[in-house]
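To be precise, the following lines are protein.txt, and they hold compact mmCIF, C-alpha atoms.
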```txt
# COMPACT_ATOMS: atom_id res chain seq x y z
CA MET A 280 99.26 137.39 88.52
CA SER A 281 102.85 136.64 89.44
CA GLN A 282 105.17 139.34 90.74
CA THR A 283 108.24 137.09 90.89
CA ASN A 284 111.09 137.42 88.41
CA ILE A 285 111.67 133.80 87.37
CA PRO A 286 115.36 133.13 86.56
CA ALA A 287 116.15 132.43 82.88
CA LYS A 288 117.53 129.00 83.79
CA ILE A 289 114.21 127.98 85.36
CA LYS A 290 112.25 129.34 82.40
CA THR A 291 114.36 127.32 79.98
CA GLN A 292 113.92 124.19 82.07
CA LEU A 293 110.15 124.70 82.18
CA TRP A 294 109.95 125.18 78.40
CA THR A 295 111.97 122.00 77.96
CA ILE A 296 109.94 119.69 80.20
CA THR A 297 106.64 120.94 78.73
CA ALA A 298 107.78 120.86 75.07
CA GLY A 299 106.60 124.47 74.89
CA ARG A 300 102.92 123.56 75.16
CA CYS A 301 100.13 124.63 77.50
CA GLN A 302 99.92 122.29 80.48
CA TYR A 303 96.21 122.76 81.09
CA GLU A 304 94.43 119.41 80.72
CA ASN A 305 93.71 118.52 77.07
CA CYS A 306 94.86 121.91 75.78
CA ASN A 307 98.38 121.14 74.47
CA GLU A 308 98.44 124.46 72.62
CA PRO A 309 101.89 125.24 71.10
CA LEU A 310 103.06 128.46 72.73
CA TRP A 311 105.95 129.31 70.44
CA ARG A 312 103.85 130.33 67.42
CA ASP A 313 100.72 132.16 66.34
CA ASP A 314 98.67 129.53 64.48
CA MET A 315 96.58 132.21 62.74
CA ARG A 316 99.63 133.81 61.08
CA MET A 317 101.97 130.78 61.44
CA ALA A 318 104.50 133.26 62.84
CA ASP A 319 106.98 132.54 65.61
CA MET A 320 106.28 134.30 68.91
CA ASN A 321 106.16 133.66 72.65
CA ARG A 322 102.57 133.27 73.84
CA ALA A 323 103.45 131.52 77.09
CA TYR A 324 102.59 132.52 80.65
CA ILE A 325 104.26 131.04 83.70
CA ALA A 326 101.59 130.19 86.24
CA HIS A 327 102.13 129.48 89.92
CA ILE A 328 100.29 126.54 91.43
CA VAL A 329 100.75 128.02 94.90
CA ALA A 330 100.78 131.79 94.36
CA ASP A 331 104.04 133.64 94.96
CA SER A 332 102.25 135.87 97.48
CA PRO A 333 100.01 134.76 100.39
CA ASP A 334 96.98 136.70 99.09
CA GLY A 335 97.23 135.24 95.55
CA PRO A 336 95.42 132.19 94.13
CA ARG A 337 96.12 129.19 96.37
CA GLY A 338 98.56 131.38 98.34
CA ASP A 339 100.03 130.43 101.71
CA GLU A 340 101.86 132.53 104.32
CA ILE A 341 104.72 130.07 104.67
CA ARG A 342 104.85 128.18 101.37
CA SER A 343 104.34 131.06 98.90
CA PRO A 344 107.81 132.65 99.30
CA ILE A 345 109.49 129.23 99.44
CA LEU A 346 107.87 127.97 96.20
CA ALA A 347 107.94 131.24 94.25
CA LYS A 348 110.84 130.13 91.98
CA ASP A 349 110.52 126.36 92.41
CA ILE A 350 109.95 124.61 89.05
CA LYS A 351 107.81 122.00 90.83
CA ASN A 352 105.35 124.83 91.51
CA LEU A 353 105.39 126.35 88.01
CA MET A 354 103.26 125.59 84.95
CA LEU A 355 103.48 126.82 81.35
CA MET A 356 100.09 128.01 80.13
CA CYS A 357 98.33 129.89 77.37
CA ASP A 358 96.64 133.19 78.23
CA THR A 359 93.14 131.66 78.28
CA HIS A 360 93.91 128.97 80.83
CA HIS A 361 96.23 131.16 82.91
CA ARG A 362 93.34 133.59 83.41
CA LEU A 363 90.92 130.72 84.04
CA ILE A 364 92.86 129.21 86.96
CA ASP A 365 93.94 132.51 88.54
CA ILE A 366 91.08 134.95 87.91
CA GLU A 367 87.92 133.65 86.28
CA ASN A 368 87.41 130.34 88.07
CA GLU A 369 90.06 130.09 90.77
CA LYS A 370 87.93 128.04 93.19
CA GLU A 371 87.63 125.15 90.72
CA TYR A 372 91.42 124.79 90.52
CA PRO A 373 92.83 123.72 93.87
CA GLU A 374 96.50 122.85 94.20
CA GLU A 375 95.91 119.08 93.83
CA ARG A 376 94.14 119.46 90.48
CA LEU A 377 96.89 121.64 89.00
CA LEU A 378 99.64 119.31 90.26
CA LYS A 379 97.85 116.45 88.50
CA MET A 380 97.73 118.40 85.24
CA LYS A 381 101.41 119.26 85.52
CA ARG A 382 102.44 115.68 86.30
CA GLU A 383 100.44 114.14 83.45
CA ASN A 384 101.71 116.67 80.91
CA GLU A 385 105.36 116.20 81.85
CA GLU A 386 105.08 112.41 81.94
CA ARG A 387 103.58 112.46 78.45
CA VAL A 388 106.33 114.71 77.09
CA GLU A 389 109.00 112.52 78.69
CA MET A 390 107.47 109.38 77.18
CA VAL A 391 107.22 110.81 73.66
CA THR A 392 110.66 112.44 73.57
CA GLY A 393 112.28 109.31 75.00
CA ILE A 394 111.22 107.10 72.07
CA ILE A 395 114.07 106.07 69.79
CA PRO A 396 114.13 107.42 66.19
CA ASP A 397 113.32 104.12 64.43
CA SER A 398 109.97 104.07 66.24
CA LYS A 399 108.48 106.67 63.90
CA THR A 400 105.23 105.82 62.14
CA HIS A 401 103.01 107.49 59.57
CA ILE A 402 99.37 107.52 60.65
CA LEU A 403 97.00 106.48 57.85
CA ILE A 404 93.33 107.41 58.24
CA TYR A 405 90.53 106.03 56.08
CA GLY A 406 86.81 106.58 56.54
CA ALA A 407 83.72 105.90 54.43
CA ASN A 408 79.98 106.22 55.02
CA ILE A 409 78.43 103.25 56.83
CA GLY A 410 74.68 103.26 56.23
CA LEU A 411 73.52 106.76 57.15
CA GLN A 412 76.50 107.41 59.41
CA ASN A 413 79.60 109.31 58.34
CA THR A 414 82.89 108.45 60.02
CA PRO A 415 84.89 111.32 61.50
CA LEU A 416 88.31 110.21 62.73
CA SER A 417 90.31 112.27 65.23
CA TYR A 418 94.03 112.62 64.53
CA ARG A 419 94.75 113.38 68.19
CA GLU A 420 92.92 110.22 69.26
CA THR A 421 94.77 108.04 66.76
CA ALA A 422 98.15 109.62 67.48
CA THR A 423 97.73 108.86 71.18
CA ALA A 424 96.95 105.21 70.42
CA VAL A 425 100.36 104.50 68.84
CA LEU A 426 102.23 105.54 72.01
CA PRO A 427 104.46 104.45 73.68
CA THR A 428 105.90 101.90 71.20
CA LYS A 429 105.64 104.31 68.26
CA TYR A 430 105.20 108.01 67.73
CA PRO A 431 103.81 109.97 64.77
CA ARG A 432 106.36 111.04 62.20
CA GLN A 433 104.20 113.99 61.12
CA SER A 434 101.82 116.36 62.91
CA TYR A 435 99.05 115.41 60.48
CA PRO A 436 97.78 112.08 59.10
CA LEU A 437 97.91 110.56 55.64
CA GLU A 438 94.21 110.61 54.77
CA ILE A 439 92.73 108.64 51.88
CA SER A 440 89.01 109.14 52.52
CA LEU A 441 86.54 110.33 49.89
CA HIS A 442 85.21 113.48 51.52
CA ASN A 443 81.64 114.78 51.32
CA SER A 444 80.36 111.76 49.43
CA SER A 445 76.59 111.87 48.85
CA PHE A 446 76.45 108.14 48.06
CA TYR A 447 75.49 105.47 50.60
CA ASP A 448 76.15 101.75 50.81
CA ASP A 449 72.73 100.68 49.51
CA GLU A 450 73.59 102.23 46.13
CA HIS A 451 75.59 100.39 43.46
CA ASN A 452 77.58 103.53 42.56
CA TYR A 453 78.75 103.86 46.16
CA TRP A 454 80.88 100.73 45.90
CA ILE A 455 82.26 101.67 42.46
CA LEU A 456 83.28 105.19 43.56
CA GLU A 457 84.67 104.21 46.97
CA ALA A 458 86.68 101.27 45.59
CA GLU A 459 88.13 103.38 42.78
CA ASN A 460 88.97 106.26 45.13
CA LEU A 461 90.64 103.84 47.53
CA THR A 462 92.71 102.26 44.76
CA ARG A 463 93.86 105.61 43.38
CA GLN A 464 94.65 107.10 46.79
CA VAL A 465 96.78 104.12 47.85
CA ASN A 466 98.52 103.86 44.46
CA GLN A 467 99.22 107.59 44.25
CA LYS A 468 99.79 108.67 47.86
CA ILE A 469 101.00 105.63 49.78
CA LEU A 470 102.75 103.01 47.65
CA PRO A 471 105.20 105.44 45.92
CA GLN A 472 106.37 106.67 49.35
CA ILE A 473 106.80 103.07 50.55
CA ILE A 474 108.85 102.23 47.44
CA GLN A 475 111.01 105.34 47.94
CA ASP A 476 111.47 104.56 51.67
CA SER A 477 109.76 107.82 52.65
CA ILE A 478 107.34 105.62 54.58
CA ASN A 479 108.94 102.85 56.62
CA HIS A 480 106.01 102.09 58.90
CA LEU A 481 102.25 102.68 58.76
CA SER A 482 99.68 102.75 61.57
CA ILE A 483 96.21 102.27 60.09
CA PHE A 484 92.99 103.62 61.59
CA ALA A 485 89.84 103.01 59.57
CA LEU A 486 86.06 103.16 59.90
CA ALA A 487 84.28 101.86 56.81
CA PRO A 488 82.11 98.98 55.56
CA GLN A 489 83.91 95.65 55.68
CA PRO A 490 84.27 95.14 51.90
CA LEU A 491 86.17 98.42 51.64
CA LEU A 492 88.38 97.49 54.59
CA ILE A 493 89.22 94.17 52.91
CA LYS A 494 89.96 96.10 49.71
CA LEU A 495 92.28 98.45 51.62
CA GLY A 496 94.18 95.49 53.06
CA SER A 497 94.53 93.88 49.63
CA LEU A 498 96.06 97.07 48.22
CA LEU A 499 98.68 97.29 50.97
CA THR A 500 99.47 93.53 51.21
CA ASP A 501 101.43 91.87 54.02
CA LEU A 502 104.84 92.80 52.56
CA ASN A 503 104.69 96.27 54.14
CA THR A 504 105.47 97.06 57.79
CA ILE A 505 102.06 97.95 59.14
CA ASP A 506 100.20 98.08 62.45
CA VAL A 507 96.42 97.90 62.14
CA PHE A 508 94.37 99.33 65.01
CA GLN A 509 90.94 98.40 66.29
CA ARG A 510 88.23 100.75 67.57
CA HIS A 511 87.06 99.21 70.87
CA ARG A 512 83.62 99.78 72.37
CA GLU A 513 84.36 98.99 76.03
CA PRO A 514 86.31 101.07 76.88
CA VAL A 515 85.94 103.43 73.91
CA THR A 516 89.51 103.66 72.63
CA TRP A 517 91.88 102.74 69.78
CA ARG A 518 94.47 101.48 72.27
CA TRP A 519 95.13 97.74 72.34
CA GLN A 520 94.11 95.98 75.58
CA GLU A 521 96.96 93.48 75.84
CA ASP A 522 95.71 91.70 78.98
CA SER A 523 92.61 90.27 77.29
CA THR A 524 91.94 86.53 76.97
CA PHE A 525 90.53 84.66 73.98
CA ASP A 526 89.80 81.13 72.73
CA ASN A 527 91.31 80.08 69.42
CA PHE A 528 89.82 80.65 65.98
CA GLU A 529 88.62 77.61 64.07
CA ILE A 530 88.03 76.67 60.43
CA ILE A 531 84.89 74.62 59.79
CA GLU A 532 85.24 72.83 56.46
CA PRO A 533 82.29 71.86 54.20
CA ASN A 534 81.28 68.22 53.83
CA ASN A 535 82.18 68.34 50.16
CA CYS A 536 83.93 70.84 47.92
CA ARG A 537 82.06 70.31 44.67
CA GLY A 538 80.16 73.60 44.80
CA LEU A 539 81.22 77.24 44.52
CA PRO A 540 83.60 78.14 47.38
CA VAL A 541 81.93 80.40 49.95
CA LEU A 542 83.48 81.79 53.13
CA ASN A 543 81.36 82.66 56.15
CA ILE A 544 83.40 84.83 58.57
CA SER A 545 81.39 84.82 61.81
CA LEU A 546 83.57 86.72 64.29
CA SER A 547 81.68 89.81 65.46
CA GLY A 548 78.35 88.06 64.94
CA THR A 549 76.96 84.77 63.66
CA ILE A 550 75.95 84.45 60.01
CA THR A 551 73.58 81.52 59.55
CA GLU A 552 73.67 79.55 56.30
CA ASP A 553 70.04 80.37 55.49
CA ARG A 554 71.16 83.97 54.90
CA ILE A 555 73.70 82.82 52.31
CA ARG A 556 72.22 79.90 50.34
CA PRO A 557 69.22 81.75 48.79
CA LEU A 558 71.66 84.05 46.96
CA PHE A 559 72.99 81.21 44.80
CA ALA A 560 71.20 79.22 42.09
CA GLU A 561 73.97 76.59 41.93
CA PRO A 562 75.51 74.36 44.62
CA ILE A 563 77.89 76.03 47.08
CA SER A 564 80.45 74.75 49.58
CA ILE A 565 80.45 76.89 52.72
CA TRP A 566 83.65 77.27 54.74
CA THR A 567 83.45 79.07 58.09
CA ILE A 568 86.02 80.94 60.18
CA THR A 569 84.67 81.57 63.67
CA HIS A 570 85.35 81.27 67.41
CA SER A 571 83.42 80.13 70.47
CA GLU A 572 81.66 83.44 71.30
CA PRO A 573 81.15 85.76 68.30
CA ASN A 574 80.62 89.35 69.50
CA ASN A 575 81.47 92.83 68.31
CA ASP A 576 84.14 93.65 70.90
CA PHE A 577 86.21 90.48 71.32
CA LEU A 578 89.30 91.61 69.39
CA LYS A 579 91.12 93.43 72.19
CA SER A 580 94.81 92.67 71.65
CA ARG A 581 97.51 92.48 69.00
CA LYS A 582 97.98 88.82 69.86
CA ILE A 583 94.39 87.98 68.89
CA LEU A 584 94.84 89.83 65.60
CA SER A 585 98.06 87.91 64.97
CA GLU A 586 96.24 84.62 65.56
CA PHE A 587 93.60 85.69 63.05
CA ARG A 588 96.27 86.35 60.41
CA LYS A 589 97.64 82.84 60.99
CA ILE A 590 94.24 81.19 60.58
CA CYS A 591 93.64 83.17 57.38
CA ARG A 592 96.88 81.84 55.85
CA VAL A 593 95.86 78.30 56.74
CA PHE A 594 92.43 78.87 55.23
CA PHE A 595 93.71 80.29 51.93
CA ASP A 596 96.01 77.28 51.50
CA LYS A 597 93.18 74.83 52.25
CA VAL A 598 90.57 76.41 49.99
CA LYS A 599 93.04 76.71 47.11
CA ALA A 600 93.97 73.03 47.44
CA ARG A 601 90.30 71.93 47.46
CA HIS A 602 88.79 74.28 44.86
CA GLY A 603 91.70 75.27 42.63
CA GLN A 604 93.35 78.64 42.17
CA ASP A 605 91.10 79.80 39.31
CA ASN A 606 87.84 79.86 41.31
CA LEU A 607 86.40 83.00 42.89
CA LEU A 608 85.77 82.90 46.63
CA HIS A 609 82.46 84.44 47.78
CA VAL A 610 83.08 86.14 51.16
CA PHE A 611 80.37 86.95 53.73
CA PRO A 612 82.04 88.93 56.55
CA ALA A 613 80.92 89.74 60.07
CA MET A 614 84.24 90.84 61.52
CA PRO A 615 86.02 93.68 63.35
CA ILE A 616 87.70 96.55 61.49
CA SER A 617 91.25 95.35 62.01
CA ALA A 618 90.41 91.75 61.07
CA ALA A 619 88.83 92.89 57.79
CA ILE A 620 91.97 94.82 56.83
CA GLU A 621 94.24 91.93 57.80
CA PHE A 622 92.10 89.44 55.86
CA GLY A 623 92.76 91.50 52.74
CA ARG A 624 96.46 91.75 53.53
CA THR A 625 96.99 88.02 54.08
CA ARG A 626 95.60 87.07 50.66
CA MET A 627 98.45 86.62 48.18
CA PRO A 628 97.29 88.30 44.95
CA LYS A 629 99.23 86.00 42.59
CA ALA A 630 98.58 82.73 44.41
CA ASP A 631 95.21 82.80 46.16
CA LEU A 632 91.64 82.81 44.90
CA GLY A 633 90.03 86.05 43.81
CA LEU A 634 87.32 87.45 46.07
CA ILE A 635 83.73 88.56 45.65
CA ILE A 636 82.79 90.35 48.87
CA TYR A 637 79.26 90.73 50.19
CA ASP A 638 77.83 93.23 52.65
CA GLN A 639 74.79 93.06 54.91
CA ASN A 640 72.42 95.87 53.90
CA ASN A 641 69.17 96.36 55.78
CA LYS A 642 67.61 98.50 53.05
CA LYS A 643 68.19 95.68 50.57
CA GLY A 644 66.91 93.05 52.97
CA GLY A 645 70.11 91.04 53.37
CA PHE A 646 73.52 90.50 51.84
CA ILE A 647 74.43 92.19 48.55
CA SER A 648 77.43 91.66 46.27
CA THR A 649 79.75 94.69 46.43
CA ILE A 650 83.42 94.48 45.41
CA GLU A 651 85.47 91.98 43.43
CA ILE A 652 89.20 91.62 44.13
```
Take the structure from the file and write it as C-alpha cells.
Amino acid sequence: MSQTNIPAKIKTQLWTITAGRCQYENCNEPLWRDDMRMADMNRAYIAHIVADSPDGPRGDEIRSPILAKDIKNLMLMCDTHHRLIDIENEKEYPEERLLKMKRENEERVEMVTGIIPDSKTHILIYGANIGLQNTPLSYRETATAVLPTKYPRQSYPLEISLHNSSFYDDEHNYWILEAENLTRQVNQKILPQIIQDSINHLSIFALAPQPLLIKLGSLLTDLNTIDVFQRHREPVTWRWQEDSTFDNFEIIEPNNCRGLPVLNISLSGTITEDRIRPLFAEPISIWTITHSEPNNDFLKSRKILSEFRKICRVFFDKVKARHGQDNLLHVFPAMPISAAIEFGRTRMPKADLGLIIYDQNNKKGGFISTIEI
C-alpha cells in the first residue's frame, strides 16, 4: 500500500478525470456513495501503477520516487480492486495492463463529459418472450451504444416490458396481453412525457416478436425524435457499423391487384408464397419488399435503416392507390428488429391501410394471425 502523501490538488484532478469511479476494467463503481445505504461517503483508494517504493508492486529503484506523485501513475480504485492488483493477484497486473485500464477509463469519461447538452437521450427498453426464450436487456450495454453522438439523460432506462409473463407466443392470450400492455405502457409512461417536453429524444432497444415490434413503432409514430437500434450478431453489439455496404431494397408488385392485399417482407430470410397462400380462402395479391441477399445480419448501419424507411413510404402510397384506403393489409414479416419498429412508425394511422400482422410459429406449423393495427 502507498506511503506517499498525495497533494490535495492531485487528488482533485484524479477525481475529476475519473468522474469519481473505479478505473479497474469494467468496474465503474461510483466511489462517492454507499449504494447499500445510498449515503454519501468516500470509498476511493489511490493506487500506484508503479509503486511509490522500490519493493512495492511493480516498484523500481529509479522510477518509484520519480512517479510517486505523478497523476499519470495514479489510479482511482475501489477497495476490492485495489487489493486485487497490489496484494491478492499482483503478478497478473503488470504496468502495461494497468496503464491500458487507466487510459480507456479516462478517454471514456472525456468523451461522455464532452458531449453537448442537447445530445441527451432517454433510453427505452422493451422485451417480450420469443418462443421459449426470455429477453434480458442490459442497460449498461444499451447506454454504451448511444455514445458518442448521444448520452443517457438518466442512470436508468424507461422500461415498458411485461415482466414475468407465463404466456408464450403460441398462445392466443399472449398476443392480447402483450399488445394491451404495450399500448398502456406507451400511452401512460412515454407519450405524456413527449407531449410535456420531458422527453425530447428516445433511443429504442427492443427484443420481441416482430408483430409486437411493429405495434411498438405504430404507437410512437414517425413524428417523434427517435433513434432505433439493432442487435447485431457479428460482432455481437448494439452499436451501428457505419462502414457496411448494401444493395438497395426493392418492391415487387403483384400482377394484378384484385385480391386481398398481402405484404411479404423478406429481409432477414425469404418467405415463399406457398407459405402464405394456403392461409386464405379468397384471392390475394402479394406485394414483396426484399433485397438481393436476405439474411439475419445485413442491417448494419443507420443509412440502411433510413433507406428501408424510404421504401416503406413508397410502398404504403402504392398499395393505398391500388387497393384503396379501407382495405386491411395482411403482413408477413421476416425482418430485423429495427426494421420492424420503423415499419410500424412509417405507417400513417389516418391515411394508410390497417394491418393484420402474422408471425411464424413452429408449434403451430407455420404463420399465425396475431395483432391487428
Legend entry - Computed interatomic separation between atom CA of Ile402 of chain A and atom CA of Ala458 of chain A (Å): 20.7 Å
Inset, instruction - May I have the protein, DNA and RNA residues with any atom at most 10 Å from the point (109.1, 132.1, 83.9), counting all atoms listed in the file, written as a VMD selection string? - result: chain A and resid 281 283 to 294 323 to 327 348 350 353 to 355
Residues from the last selection, C-alpha atoms, saved as a PDB file, keeping the file's coordinate frame:
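Produced file out-v1.pdb, reproduced below:
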```pdb
ATOM      1  CA  SER A 281     102.850 136.640  89.440  1.00  0.00           C
ATOM      2  CA  THR A 283     108.240 137.090  90.890  1.00  0.00           C
ATOM      3  CA  ASN A 284     111.090 137.420  88.410  1.00  0.00           C
ATOM      4  CA  ILE A 285     111.670 133.800  87.370  1.00  0.00           C
ATOM      5  CA  PRO A 286     115.360 133.130  86.560  1.00  0.00           C
ATOM      6  CA  ALA A 287     116.150 132.430  82.880  1.00  0.00           C
ATOM      7  CA  LYS A 288     117.530 129.000  83.790  1.00  0.00           C
ATOM      8  CA  ILE A 289     114.210 127.980  85.360  1.00  0.00           C
ATOM      9  CA  LYS A 290     112.250 129.340  82.400  1.00  0.00           C
ATOM     10  CA  THR A 291     114.360 127.320  79.980  1.00  0.00           C
ATOM     11  CA  GLN A 292     113.920 124.190  82.070  1.00  0.00           C
ATOM     12  CA  LEU A 293     110.150 124.700  82.180  1.00  0.00           C
ATOM     13  CA  TRP A 294     109.950 125.180  78.400  1.00  0.00           C
ATOM     14  CA  ALA A 323     103.450 131.520  77.090  1.00  0.00           C
ATOM     15  CA  TYR A 324     102.590 132.520  80.650  1.00  0.00           C
ATOM     16  CA  ILE A 325     104.260 131.040  83.700  1.00  0.00           C
ATOM     17  CA  ALA A 326     101.590 130.190  86.240  1.00  0.00           C
ATOM     18  CA  HIS A 327     102.130 129.480  89.920  1.00  0.00           C
ATOM     19  CA  LYS A 348     110.840 130.130  91.980  1.00  0.00           C
ATOM     20  CA  ILE A 350     109.950 124.610  89.050  1.00  0.00           C
ATOM     21  CA  LEU A 353     105.390 126.350  88.010  1.00  0.00           C
ATOM     22  CA  MET A 354     103.260 125.590  84.950  1.00  0.00           C
ATOM     23  CA  LEU A 355     103.480 126.820  81.350  1.00  0.00           C
TER      24      LEU A 355
END
```
Inset, instruction - Grab the atom CA of Gln520 of chain A to atom CA of Ile550 of chain A distance for me, in Å with one decimal place. - result: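 Atom-to-atom, atom CA of Gln520 of chain A to atom CA of Ile550 of chain A, that is 26.6 Å.
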Inset, instruction - Find the residues near Ile483 of chain A: any atom within 8 Å, counting only C-alpha atoms, skip ones fewer than 4 places away on the same chain, and give them as a ChimeraX atom specification. - result: /A:402-405,505-508
Starting from 4 Å padding per side, set up an axis-aligned box that covers all listed atoms of segment 378-388 of chain A and hand over centre and edge lengths in Å, one decimal, as lines of an AutoDock Vina configuration file.
```
center_x = 102.0
center_y = 115.9
center_z = 83.7
size_x = 16.6
size_y = 14.9
size_z = 21.2
```
Inset, instruction - Work out how far atom CA of Gln282 of chain A is from atom CA of Ser332 of chain A, in Å to one decimal. - result: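 Straight-line distance from atom CA of Ser332 of chain A to atom CA of Gln282 of chain A works out to 8.1 Å.
In terms of minimum interatomic distance to Glu521 of chain A, A:Ser580 ranks closest within A:Asn305, A:Asn543, A:Gln464, A:Ser580, counting only C-alpha atoms.
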Inset, instruction - Name the closest residue to Thr500 of chain A among the candidates A:Leu470, A:Glu385, A:Arg312, A:Thr649; distances are taken between atoms, counting only C-alpha atoms. - result: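 Comparing A:Leu470, A:Glu385, A:Arg312, A:Thr649 against Thr500 of chain A, the winner is A:Leu470.
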Inset, instruction - Mind checking which residues fall within 10 Å of Leu416 of chain A, counting all atoms listed in the file, ignoring those fewer than 2 positions away in the same chain, and posting them as a list in words? - result: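 These residues fall inside the cut-off: Ile404, Tyr405, Gly406, Asn413, Thr414, Tyr418, Arg419, Glu420, Thr421, Glu438, Phe484, Ala485 and Leu486 of chain A.
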Inset, instruction - Determine, counting all atoms listed in the file, which protein, DNA and RNA residues have an atom within 9 Å of an atom of Pro373 of chain A; residues of the same chain fewer than 3 positions away are not included. Present the result as JSON, numbers by chain. - result: {"A": [328, 336, 337, 364, 369, 370, 376, 377, 378]}
Legend entry - Within-12 Å shell of (70.7, 90.7, 58.2) in input frame, all atoms listed in the file, as a ChimeraX atom specification: /A:548-555,611-613,637-647
Inset, instruction - Pick out the residues sitting within 10 Å of Thr516 of chain A, and hand them over as a VMD selection string; count all atoms listed in the file, and ignore anything fewer than 5 positions along from it in its own chain. - result: chain A and resid 420 to 421 423 to 424 509 to 511
Legend entry - Using all atoms listed in the file: which of A:His442, A:His602, A:His570, A:Arg322 has the shortest distance to Thr359 of chain A: A:Arg322
